[in-house]
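**Student:** My questions all concern the structure below.
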Amino acid sequence: MSKRVLSIMCWLAVSFLTCVRTFADTTQTDTVTVFTIGDSTMANKPTNSDKQERGWGQMLPLHLTGNIKVDNHAANGRSTKSFISEGRWDKVLTLIKPGDYLIIQFGHNDEKAEGKLHTVPGKSFDDNLKRFIREAKKKGAQPILMNSIVRRNYPPTPDTPFNYTYANEGNVLMDTHGEYAVVPRKIAQKEKIPFVDMTSLSYDLVSGLGNERSKDLYMWIPKGKYDFCPNGKTDNTHLRPEGANLMAALAVRGLCEAMPEFSKYVKPDVKWSKDDVISISLPSDVRPVLNTATEIFGEDLKRVLNVSAKILPVSCDADVQVCIAPKKIKNAQGFSIRISDEGKVLIDAHDSHGAAYGILELSRLLGVSPWEWWADCNPDAKNEVVIPAYYYVNKAPSVAYRGIFINDEDWGLMPWSYKNFDKQEKGVIGSKTTAKIFELLLRLRANTYWPPMHECSVPFFLTSGNREMAEKYGIYIGGSHCEPMASSTAGEWPRRGVGKYDYMANSENVKSFWNSRIKEVARQEIIYTLGMRGVHDGAMQGAKGIGQQKEVLNKVLSDQRVVLASHNLINAPQVFIPYKEVLDIYNSGLNVPEDVTLMWCDDNYGYIRHFPDSVERARKGGNGIYYHVSYWGRPHDYLWLGTFSPGLLYQQMSEAYNRGIKKMWVLNVGDIKPAEYQIELFMDMAWDMDDVRHLGVERHAENFLKREFGETVGKAILPVMKEHYRLAFVRKPEFMGNTRTEEKDRVYYNTIRDLSWSEEEIKTRLNSYHAISDSVEKYGSLVSENKHAAFFQLVKYPVQAADQMNRKFLYGQLARHGKADWQLSHAAYDSIQALTTRYNTPKWSGIMDCHPRKLPVFNILAEDTVNTTLEKKESFIRKFNGNEGFGYTKNYEWLGHENGAVGIEKGDTLTYSFDGNMPMSAILHIGLLPTHSASQEKQSFQVIVDGNDYGIVDFSTYGRSEEWKENVLRNQAVTKIKVKFSPENWHNIKIISLSDLIIVDQALIEVETD
């Protein structure tokens, strides 16, 4: 591969999936114009839609200075023949003037057999190209010939006949242009004009990326990822913005090689070198968040390049390297970054938030991770950072308010903060900690914060300096479902409330409690939670039954609005959260004002309980989501290791976005650590849903790991993390004791009990954990010294602690039956303690607690014995993952017990076809993800086996039923159906969705026994 292509590949690693859009056509009358003629791979495409396709000629202005104009006449579906016959060439010829350039690139459509398009190499194709050249020369212009960019053609074998797509691709990129790629070179030599071999250049690029990564350049769109293309698209010819921009880069570099004098029209790259001084111009009228972001960027420059940042209140005309100009982008919080003709970095923004996100995008280009402080992801020092002249990004958030909820902070963040970091009185999470949290949010392009609210913590607004930090970092302060009107009820009512927190019996004092807070914070950016629950996470006091609760809540909402209006805050953002029992009250007909955001919730285990219907989607206030990757409560907490499935998070939040939940996303993150990756995935989706959809979960995770640990280790550790999350999806480490919390029979549910797994299943799981734990050791030794702490926090601790937790219980279960030594279990317990001690280094002393709430599951196991035998392994004669069937399904990554779950929408069918002798009677087990209905209907499906209809299967659950508890603990709703197979050798199992969406994980067939 040439150095030219390698340099583009290096840039690709930094900003490969930047959403590039073109500038509007310039109207200035430049003395020199580059005219471009060709086909759809070069042509301009609409930019006012989400259809993604771009031509490389459309991207050419990004690479050139304002001293030359690009006039792109390339057109979809045109060959040299049709371009002439339709009069397009004559039009171009009238515009060309002396000193102009003409880029000619045809071939894709000349190759087609269609009569109005087809030309013959050596004959009509040559004649047409020569005509363009000679007539342009007569006008005094300089023609340049280019051959076509390569098709992304990976046939199963090199001798497979060409097709536009293949069911199974090979690994070798094959040329499709043949003589149509050779002829332009020959003609250019004969006519003595410049030639750029775009076929070879693009071949090197696409081949170097390989058959998988090269899909990112082309219009290769998986089914279900984009609203504009729900059925997906496989197009190996036309380009996405990323691909078009890279092809334009190849073309420009080829032009400079063929015509060195053309270099004067090419924008210079931005180069920042070690020990430089970088001047940054800021507008005078900006909010504190932009000043803060600029200071952070200056610190990042110092760490990476030892560069000093000089912030100047001057215009962009001054001698500065980075210029920020707010109020130039349409969408709120949006920004664009481009390179000026003089090599300045220009950041245009809608507002100060957008400008802040823009300046911190430059920190990402420096190689600074958002987790540089919170996970000790130290950036590498560099001698030089280069931003290509053609770099351009235009971004705005997919979700207006994006943030986190620090919750269940009792054992991690709170004691770490007051004892170690802020060094305050007990329970105080001070402004120093708050500033670090807010810096993380700013780096993650988040803008919303729900502060800790447990009684053990001093409330946010009662802690000195916290409000000032919110203003400094541009963070909107909100509150959870039991913290209305900016008041942390659990911590504040005992301090400043009067009487009972009961609106039926004590409404005036409750209103006074709310009013005093609103008066205090009226000038601050607050998202006001409306409604009322109990003092903590419980139902409201006083009101009995849904009818009375609805009556009281209607009164509460009305009175809260009056309080807000009295402080001129009726237009401030407001949210109502139907969490737990409040959803039933809402469904009974509660009157929530039209401009209030409705914030829906998951069931605390990642399955969203309600999606907005058409009426709710049309509300002025819009819709939000409150989602968990950490939880304290029944049937069991998962507060420790951050093993929540990225695949489930992605699937549920994608579904939420598709169904109109776009106003506010808040993630319950526990203590932040160790849920770093889930937080970033959530925030990236909230910031740019299309970008993450295009990547998918696996590529997103891979990019995360490569950014933190480098190309080699990042790629190697990806399957380890994938397996780590899969194993935890089957059973989280915190659930391994088969215990439960908050049950009536506490003695029984606090007793460690066997899981219903066979000896073979136990050993298989142990081996799987052993394998990934060993891989962590292997690849950890390859990590550079400055990444050791990050690797321990992000990979080693969560993976190996989960491994040891499984060893503790699974060896314990075997020992209980006399099949293993108890010391294996006890050694695992000791390993957890040792790993946790190592985690709690001086900086992080007290942040990681390996026995939150001191639940029985975290104790060393008692050496007891049982008289029962271990479970026998279920004898399934056939086993299918969801993705082993066929039909109109949604495919998901990293989701399911074996990462093979698929979605089926209403009316669609998933079919498993197979041959073999089957027993007449069998039991069909169908494992589904325990999702909830998107509407008020039941979650159900129909089953047909070998033509026999077995009716409707309803797997809906209600509230915290026993069935729901079992489902969320194993992440499967298992249904069992007695079926009969035909005596034939060919069989079909059909699963037909009767709900908006069901997700099938597995189908298993067991022989029916008497």
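Quick note on naming: the chains in the structure tokens go A, B, ... in the order shown, residues restart at 1 in each chain, and ligands are numbered from 1 in order of appearance.
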With the cut-off set at 8 Å and counting only C-alpha atoms, tabulate each residue of range 730-811 of chain A with an atom at most that distance from an atom of range 637-654 of chain A, showing the nearest atom pair and its distance in Å to one decimal, ordered by chain and increasing number, as a Markdown table.
**Tutor:**
```
| residue | atom | partner | partner_atom | distance |
| --- | --- | --- | --- | --- |
| A:Lys732 | CA | A:Thr643 | CA | 7.0 |
| A:Pro733 | CA | A:Leu641 | CA | 7.8 |
| A:Glu734 | CA | A:Tyr638 | CA | 5.8 |
| A:Phe735 | CA | A:Tyr638 | CA | 7.9 |
| A:Thr741 | CA | A:Asp637 | CA | 7.3 |
| A:Pro798 | CA | A:Leu641 | CA | 5.7 |
| A:Ala801 | CA | A:Leu641 | CA | 7.9 |
| A:Ala802 | CA | A:Leu641 | CA | 7.4 |
```
**Student:** What lies within 6 Å of range 952-958 of chain A using only C-alpha atoms, ignoring chain neighbours under 5 positions off, as a list in words?
**Tutor:**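 The neighbour list is Lys938, Gln939, Ser940, Phe941, Gln942 and Trp964 of chain A.
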**Student:** Taking the DSSP secondary structure from the backbone, can you list the residues of range 333-481 of chain A that are helix (DSSP H, G or I), as a PyMOL selection string?
**Tutor:** chain A and resi 352-366+409-411+413-421+431-443+460-462+466-473
**Student:** So that I can check the surroundings of range 175-178 of chain A, please list as a PyMOL selection string every protein, DNA and RNA residue that reaches within 8 Å of it, counting only C-alpha atoms and ignoring chain neighbours fewer than 6 positions away.
**Tutor:** chain A and resi 107-108+111+148+150-151+153+162
**Student:** Restricting it to C-alpha atoms, dump the selection as a PDB file, in the first residue's frame.
**Tutor:**
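The file below, again-v9.pdb, is the result:
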```
ATOM      1  CA  GLY A 107     -16.783   3.928 -16.662  1.00  0.00           C
ATOM      2  CA  HIS A 108     -19.404   2.510 -14.323  1.00  0.00           C
ATOM      3  CA  GLU A 111     -19.837  -0.834 -18.909  1.00  0.00           C
ATOM      4  CA  SER A 148     -13.440   4.936 -12.028  1.00  0.00           C
ATOM      5  CA  VAL A 150     -13.342   0.585  -7.507  1.00  0.00           C
ATOM      6  CA  ARG A 151     -16.523  -1.265  -6.716  1.00  0.00           C
ATOM      7  CA  ASN A 153     -16.560  -6.462  -5.040  1.00  0.00           C
ATOM      8  CA  PHE A 162     -19.487 -10.721 -11.073  1.00  0.00           C
TER       9      PHE A 162
END
```
**Student:** Do you know which residues are at most 10 Å from Asn587 in chain A counting only C-alpha atoms, after dropping those on the same chain fewer than 3 positions away, and could you put them as a list in words?
**Tutor:** Ile546, Lys550, Pro578, Val582, Leu583, Asp584, Leu590 and Gln936 of chain A
**Student:** Please list as a list of chain:residue names every residue within 9 Å of Ile832 in chain A, counting only C-alpha atoms and excluding residues in the same chain fewer than 5 positions away.
**Tutor:**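 Surrounding residues, per the criterion: A:Tyr797, A:Gln800, A:Ala801, A:Ala802, A:Gln804, A:Met805, A:Ala827, A:Thr837, A:Cys850.
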**Student:** Skip Ile625 in chain A itself and residues of its chain fewer than 3 positions away, then list as a ChimeraX atom specification all residues within 6 Å of it, counting only C-alpha atoms.
**Tutor:** /A:599-601,665
**Student:** Would you save the residues from that selection as an mmCIF file, in the first residue's frame, using N, CA and C atoms?
**Tutor:**
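Below you can see again-v1.cif, which holds the result:
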```cif
data_model
loop_
_atom_site.group_PDB
_atom_site.id
_atom_site.type_symbol
_atom_site.label_atom_id
_atom_site.label_comp_id
_atom_site.auth_asym_id
_atom_site.auth_seq_id
_atom_site.Cartn_x
_atom_site.Cartn_y
_atom_site.Cartn_z
ATOM 1 N N MET A 599 -41.541 11.021 30.874
ATOM 2 C CA MET A 599 -40.297 10.245 30.942
ATOM 3 C C MET A 599 -40.606 8.803 31.343
ATOM 4 N N TRP A 600 -40.448 7.894 30.365
ATOM 5 C CA TRP A 600 -40.781 6.495 30.584
ATOM 6 C C TRP A 600 -39.607 5.775 31.239
ATOM 7 N N CYS A 601 -39.866 4.587 31.752
ATOM 8 C CA CYS A 601 -38.860 3.889 32.556
ATOM 9 C C CYS A 601 -38.754 2.431 32.130
ATOM 10 N N TRP A 665 -32.853 11.720 27.924
ATOM 11 C CA TRP A 665 -32.374 10.398 28.316
ATOM 12 C C TRP A 665 -31.531 10.538 29.577
#
```
**Student:** Would you please give, as a PyMOL selection string, all residues of range 21-114 of chain A that DSSP assigns to strand (DSSP E or B) based on the backbone?
**Tutor:** chain A and resi 33-38+54+64+69-72+101-105
**Student:** Would you mind exporting all heavy atoms of the selected residues as a compact mmCIF listing (two decimals), in the first residue's frame?
**Tutor:**
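The resulting result-v9.txt:
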```txt
# COMPACT_ATOMS: atom_id res chain seq x y z
N THR A 33 -11.94 27.61 -12.11
CA THR A 33 -12.97 26.65 -11.72
C THR A 33 -12.52 25.25 -12.09
O THR A 33 -11.94 25.03 -13.16
CB THR A 33 -14.31 26.96 -12.42
OG1 THR A 33 -14.74 28.27 -12.06
CG2 THR A 33 -15.38 25.95 -12.04
N VAL A 34 -12.79 24.30 -11.19
CA VAL A 34 -12.63 22.89 -11.50
C VAL A 34 -14.00 22.34 -11.88
O VAL A 34 -14.91 22.30 -11.05
CB VAL A 34 -12.08 22.09 -10.29
CG1 VAL A 34 -11.99 20.61 -10.64
CG2 VAL A 34 -10.72 22.60 -9.89
N PHE A 35 -14.17 22.00 -13.15
CA PHE A 35 -15.40 21.36 -13.60
C PHE A 35 -15.22 19.84 -13.48
O PHE A 35 -14.16 19.29 -13.79
CB PHE A 35 -15.71 21.73 -15.05
CG PHE A 35 -16.13 23.16 -15.22
CD1 PHE A 35 -15.18 24.14 -15.50
CD2 PHE A 35 -17.45 23.53 -15.10
CE1 PHE A 35 -15.56 25.47 -15.64
CE2 PHE A 35 -17.84 24.86 -15.25
CZ PHE A 35 -16.89 25.83 -15.52
N THR A 36 -16.24 19.18 -13.02
CA THR A 36 -16.18 17.72 -12.89
C THR A 36 -17.34 17.10 -13.66
O THR A 36 -18.49 17.55 -13.53
CB THR A 36 -16.26 17.29 -11.42
OG1 THR A 36 -17.41 17.88 -10.81
CG2 THR A 36 -15.01 17.71 -10.66
N ILE A 37 -17.03 16.13 -14.48
CA ILE A 37 -18.07 15.39 -15.21
C ILE A 37 -17.85 13.91 -14.98
O ILE A 37 -16.72 13.42 -14.94
CB ILE A 37 -18.07 15.73 -16.72
CG1 ILE A 37 -16.75 15.34 -17.39
CG2 ILE A 37 -18.37 17.20 -16.94
CD1 ILE A 37 -16.77 15.49 -18.92
N GLY A 38 -18.95 13.19 -14.77
CA GLY A 38 -18.85 11.78 -14.47
C GLY A 38 -20.20 11.21 -14.10
O GLY A 38 -21.24 11.75 -14.48
N ARG A 54 -23.38 10.28 -0.81
CA ARG A 54 -22.66 11.44 -1.32
C ARG A 54 -21.77 11.00 -2.49
O ARG A 54 -21.35 9.84 -2.56
CB ARG A 54 -21.78 12.08 -0.25
CG ARG A 54 -22.49 12.53 1.00
CD ARG A 54 -23.38 13.75 0.76
NE ARG A 54 -23.93 14.23 2.01
CZ ARG A 54 -25.10 13.85 2.52
NH1 ARG A 54 -25.81 12.93 1.89
NH2 ARG A 54 -25.54 14.34 3.66
N LEU A 64 -10.12 22.06 -0.92
CA LEU A 64 -9.51 23.13 -1.71
C LEU A 64 -9.74 24.49 -1.07
O LEU A 64 -10.69 24.69 -0.30
CB LEU A 64 -10.09 23.12 -3.12
CG LEU A 64 -9.99 21.78 -3.88
CD1 LEU A 64 -10.66 21.89 -5.23
CD2 LEU A 64 -8.54 21.34 -4.00
N LYS A 69 -12.90 27.30 -7.51
CA LYS A 69 -14.29 26.89 -7.34
C LYS A 69 -14.51 25.53 -7.97
O LYS A 69 -13.91 25.22 -9.01
CB LYS A 69 -15.22 27.91 -7.96
CG LYS A 69 -16.71 27.65 -7.70
CD LYS A 69 -17.56 28.80 -8.22
CE LYS A 69 -18.05 28.50 -9.62
NZ LYS A 69 -19.03 29.51 -10.07
N VAL A 70 -15.35 24.71 -7.35
CA VAL A 70 -15.72 23.42 -7.91
C VAL A 70 -17.13 23.52 -8.48
O VAL A 70 -18.05 23.94 -7.78
CB VAL A 70 -15.66 22.30 -6.85
CG1 VAL A 70 -16.14 20.98 -7.44
CG2 VAL A 70 -14.25 22.16 -6.30
N ASP A 71 -17.28 23.16 -9.73
CA ASP A 71 -18.59 23.15 -10.39
C ASP A 71 -18.85 21.72 -10.85
O ASP A 71 -18.35 21.28 -11.89
CB ASP A 71 -18.60 24.12 -11.57
CG ASP A 71 -20.02 24.41 -12.06
OD1 ASP A 71 -20.96 23.75 -11.58
OD2 ASP A 71 -20.19 25.30 -12.93
N ASN A 72 -19.60 20.98 -10.05
CA ASN A 72 -19.77 19.54 -10.25
C ASN A 72 -20.98 19.26 -11.15
O ASN A 72 -22.12 19.49 -10.76
CB ASN A 72 -19.95 18.85 -8.89
CG ASN A 72 -19.94 17.34 -9.00
OD1 ASN A 72 -19.66 16.79 -10.04
ND2 ASN A 72 -20.25 16.67 -7.89
N TYR A 101 -10.01 23.93 -15.02
CA TYR A 101 -9.68 22.52 -15.05
C TYR A 101 -10.95 21.72 -15.34
O TYR A 101 -12.05 22.11 -14.92
CB TYR A 101 -9.09 22.05 -13.73
CG TYR A 101 -7.77 22.70 -13.36
CD1 TYR A 101 -7.72 23.89 -12.64
CD2 TYR A 101 -6.57 22.10 -13.74
CE1 TYR A 101 -6.51 24.47 -12.30
CE2 TYR A 101 -5.35 22.67 -13.41
CZ TYR A 101 -5.33 23.86 -12.68
OH TYR A 101 -4.12 24.43 -12.36
N LEU A 102 -10.77 20.60 -16.02
CA LEU A 102 -11.89 19.69 -16.27
C LEU A 102 -11.46 18.28 -15.87
O LEU A 102 -10.54 17.71 -16.44
CB LEU A 102 -12.27 19.69 -17.76
CG LEU A 102 -13.33 18.63 -18.16
CD1 LEU A 102 -14.69 19.00 -17.56
CD2 LEU A 102 -13.42 18.49 -19.68
N ILE A 103 -12.13 17.73 -14.83
CA ILE A 103 -11.88 16.36 -14.40
C ILE A 103 -12.92 15.46 -15.06
O ILE A 103 -14.12 15.69 -14.93
CB ILE A 103 -11.95 16.22 -12.87
CG1 ILE A 103 -10.87 17.10 -12.21
CG2 ILE A 103 -11.78 14.77 -12.44
CD1 ILE A 103 -10.92 17.11 -10.70
N ILE A 104 -12.44 14.44 -15.75
CA ILE A 104 -13.30 13.52 -16.50
C ILE A 104 -13.17 12.13 -15.89
O ILE A 104 -12.06 11.58 -15.81
CB ILE A 104 -12.88 13.45 -17.99
CG1 ILE A 104 -12.81 14.86 -18.60
CG2 ILE A 104 -13.82 12.56 -18.78
CD1 ILE A 104 -11.96 14.94 -19.84
N GLN A 105 -14.29 11.57 -15.43
CA GLN A 105 -14.26 10.23 -14.84
C GLN A 105 -15.53 9.47 -15.19
O GLN A 105 -16.61 9.78 -14.67
CB GLN A 105 -14.10 10.27 -13.32
CG GLN A 105 -13.92 8.89 -12.69
CD GLN A 105 -14.04 8.91 -11.18
OE1 GLN A 105 -15.07 9.31 -10.64
NE2 GLN A 105 -13.00 8.47 -10.49
```
**Student:** Range 619-650 of chain A near range 378-402 of chain A within 12 Å: what's each residue's closest atom pair and its distance in Å to one decimal, counting only C-alpha atoms, ordered by chain then ascending residue number, as CSV?
**Tutor:**
```
residue,atom,partner,partner_atom,distance
A:Gly621,CA,A:Ala400,CA,11.6
A:Gly622,CA,A:Ala400,CA,10.2
A:Asn623,CA,A:Val399,CA,10.1
A:Gly624,CA,A:Tyr401,CA,8.8
A:Ile625,CA,A:Arg402,CA,9.9
A:Tyr626,CA,A:Arg402,CA,10.4
A:Tyr627,CA,A:Arg402,CA,11.6
```
**Student:** Go through range 136-163 of chain A and flag each residue having an atom no more than 6 Å from range 186-208 of chain A; for those, report the closest pair of atoms plus their distance in Å to one decimal, using only C-alpha atoms, ordered by chain and rising number, as JSON lines.
**Tutor:**
```
{"residue": "A:Ile144", "atom": "CA", "partner": "A:Pro194", "partner_atom": "CA", "distance": 5.1}
{"residue": "A:Leu145", "atom": "CA", "partner": "A:Phe195", "partner_atom": "CA", "distance": 4.9}
{"residue": "A:Met146", "atom": "CA", "partner": "A:Val196", "partner_atom": "CA", "distance": 4.9}
{"residue": "A:Asn147", "atom": "CA", "partner": "A:Met198", "partner_atom": "CA", "distance": 5.6}
{"residue": "A:Ser148", "atom": "CA", "partner": "A:Thr199", "partner_atom": "CA", "distance": 5.5}
{"residue": "A:Ile149", "atom": "CA", "partner": "A:Thr199", "partner_atom": "CA", "distance": 4.7}
{"residue": "A:Val150", "atom": "CA", "partner": "A:Thr199", "partner_atom": "CA", "distance": 5.3}
```
**Student:** For the residues selected in the previous step, produce a file with N, CA, C and O atoms as a PDB file, in the first residue's frame.
**Tutor:**
```pdb
ATOM      1  N   ILE A 144      -8.189  16.653 -17.212  1.00  0.00           N
ATOM      2  CA  ILE A 144      -7.528  15.603 -16.438  1.00  0.00           C
ATOM      3  C   ILE A 144      -8.398  14.355 -16.535  1.00  0.00           C
ATOM      4  O   ILE A 144      -9.599  14.417 -16.272  1.00  0.00           O
ATOM      5  N   LEU A 145      -7.791  13.241 -16.898  1.00  0.00           N
ATOM      6  CA  LEU A 145      -8.537  11.988 -16.964  1.00  0.00           C
ATOM      7  C   LEU A 145      -8.337  11.196 -15.674  1.00  0.00           C
ATOM      8  O   LEU A 145      -7.229  11.118 -15.138  1.00  0.00           O
ATOM      9  N   MET A 146      -9.431  10.628 -15.196  1.00  0.00           N
ATOM     10  CA  MET A 146      -9.387   9.692 -14.080  1.00  0.00           C
ATOM     11  C   MET A 146     -10.180   8.461 -14.468  1.00  0.00           C
ATOM     12  O   MET A 146     -11.194   8.569 -15.163  1.00  0.00           O
ATOM     13  N   ASN A 147      -9.717   7.294 -14.057  1.00  0.00           N
ATOM     14  CA  ASN A 147     -10.562   6.120 -14.212  1.00  0.00           C
ATOM     15  C   ASN A 147     -11.460   5.969 -12.988  1.00  0.00           C
ATOM     16  O   ASN A 147     -11.327   6.696 -11.998  1.00  0.00           O
ATOM     17  N   SER A 148     -12.383   5.032 -13.033  1.00  0.00           N
ATOM     18  CA  SER A 148     -13.440   4.936 -12.028  1.00  0.00           C
ATOM     19  C   SER A 148     -12.909   4.419 -10.697  1.00  0.00           C
ATOM     20  O   SER A 148     -11.946   3.640 -10.647  1.00  0.00           O
ATOM     21  N   ILE A 149     -13.568   4.847  -9.645  1.00  0.00           N
ATOM     22  CA  ILE A 149     -13.252   4.267  -8.338  1.00  0.00           C
ATOM     23  C   ILE A 149     -13.713   2.816  -8.339  1.00  0.00           C
ATOM     24  O   ILE A 149     -14.624   2.420  -9.072  1.00  0.00           O
ATOM     25  N   VAL A 150     -13.079   2.014  -7.522  1.00  0.00           N
ATOM     26  CA  VAL A 150     -13.342   0.585  -7.507  1.00  0.00           C
ATOM     27  C   VAL A 150     -14.708   0.286  -6.893  1.00  0.00           C
ATOM     28  O   VAL A 150     -15.171   0.995  -5.990  1.00  0.00           O
TER      29      VAL A 150
END
```
